[in-house]
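Take a look at the structure below.
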Amino acid sequence: MTQEAQVLDRQDVATEVATPEPWLAVVAPPVDVTETKDAIQVTVDLPGVEEQALDIDVENGVLTLTGRARVDGPPNGERVLGEFDAVLYKRALRLSDRLSAENITAQLKHGVLRVSIPKREEKKARKIVVTPA
Amino acid sequence: MIMMSSRGPWSLLEDLVGLQGDFNRLFGDGGWRVRAGRALYPPLNVWQSADGLVVDAELPGVDPSAVELSVEDGRLTISGERSNGGEPGEGAACRERTEGKFSRSVELPFRVNSDQVKATYKLGVLRVTLPRAEEDKPKRIAVQAA
């Protein structure tokens, strides 16, 4: 990671503390990044996040994922063990200009988000035919 | 850990929050220390009431039918295997998501009717509801006037 990216990183998180729910911990969810011939696949664990509580934005070449995870106990239950909590998941990825930000697709299922970012079609080398005069 | 390679997907993507995330996981707010250690997987929440126990396990992307639940010797055990897939010919730049076999047990504070134990799976969270056995529930004994 470049120094520039690290600086951006801190600024990014610092500004995000000003959320509507400042008491929520901001957590970077684990991510798998894989590459196929035509696209980059980003897979993110977002347990407890409903579709309506998930935001995916692309701005200035940065893909930002924000998800609000809920933790709801049963009524009248007293929590006797707590190892995960309601959090604000947040992760930002800078997209190369070789990726097509306009055609990103995303699917959320069983607490896992799969984002597919297609590669731009490489400009094909054109053969110029010289026509005889 | 964030893995970087000069080629492959990370040359197309730059992670902006990853470092901060690792920092959070190591030093973050109470409770998140659990996440730093892979030994305790999946993380659990347990609620207790007069009616029984509710155990939530954070297991995103797991086939619920492949999760094994057992109630034996006064403990609930949740076990299975988490596989994140991956297609042949696919290059991977970064694999942070937990993968592999897991097993966790919860000591039950009372007897349960094992045939009434229910499990549901929603938003990547497995919820096991264990009703307290009727004969084990505390009974209120009314004092009768002589």
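Just so we're on the same page: first chain in the structure tokens is A, next is B, and so on; residues restart at 1 for each chain, and ligands are numbered from 1 in the order they show up.
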At a cut-off of 7 Å, which residues of chain A touch chain B? Count only C-alpha atoms and give the answer as a PyMOL selection string. chain A and resi 5-6+8-9+27-28+30-36+40+45+47-50+73+76-84+91-96+110-112
Run DSSP on the backbone and give me the residues of region 65-114 of chain B it puts in strand (DSSP E or B), as a ChimeraX atom specification. /B:68-72,75-82,91-95,100-107,112
Gap from CA of Thr43 (chain A) to CA of Trp23 (chain A) - Å, one decimal: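 About the pair CA of Thr43 (chain A) and CA of Trp23 (chain A): they are 26.7 Å apart.
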Those of chain A in DSSP helix (DSSP H, G or I), formatted as a list in words: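 Of chain A, the ones in helix (DSSP H, G or I) are Gln3, Glu4, Ala5, Gln6, Val7, Leu8, Asp9, Arg10, Gln11, Asp12, Val13, Ala14, Thr15, Glu16, Ala101, Glu102 and Asn103 of chain A.
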Separation of CA of Val112 (chain B) and CA of Val67 (chain B), in Å? 20.0 Å
Just how far from CA of Val117 (chain B) is CA of Pro138 (chain B), in Å to one decimal? 19.7 Å
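Proximity of A:Leu46, A:Leu108, A:Leu24, A:Ala86 to Gly67 (chain A), computed with only C-alpha atoms, is greatest for A:Leu46.
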Counting only C-alpha atoms, what is within 9 Å of Lys118 (chain B), bar same-chain residues fewer than 3 positions away, as a list in words?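 What passes the distance filter is Ser114, Asp115, Arg127, Val128, Thr129, Leu130 and Pro131 of chain B.
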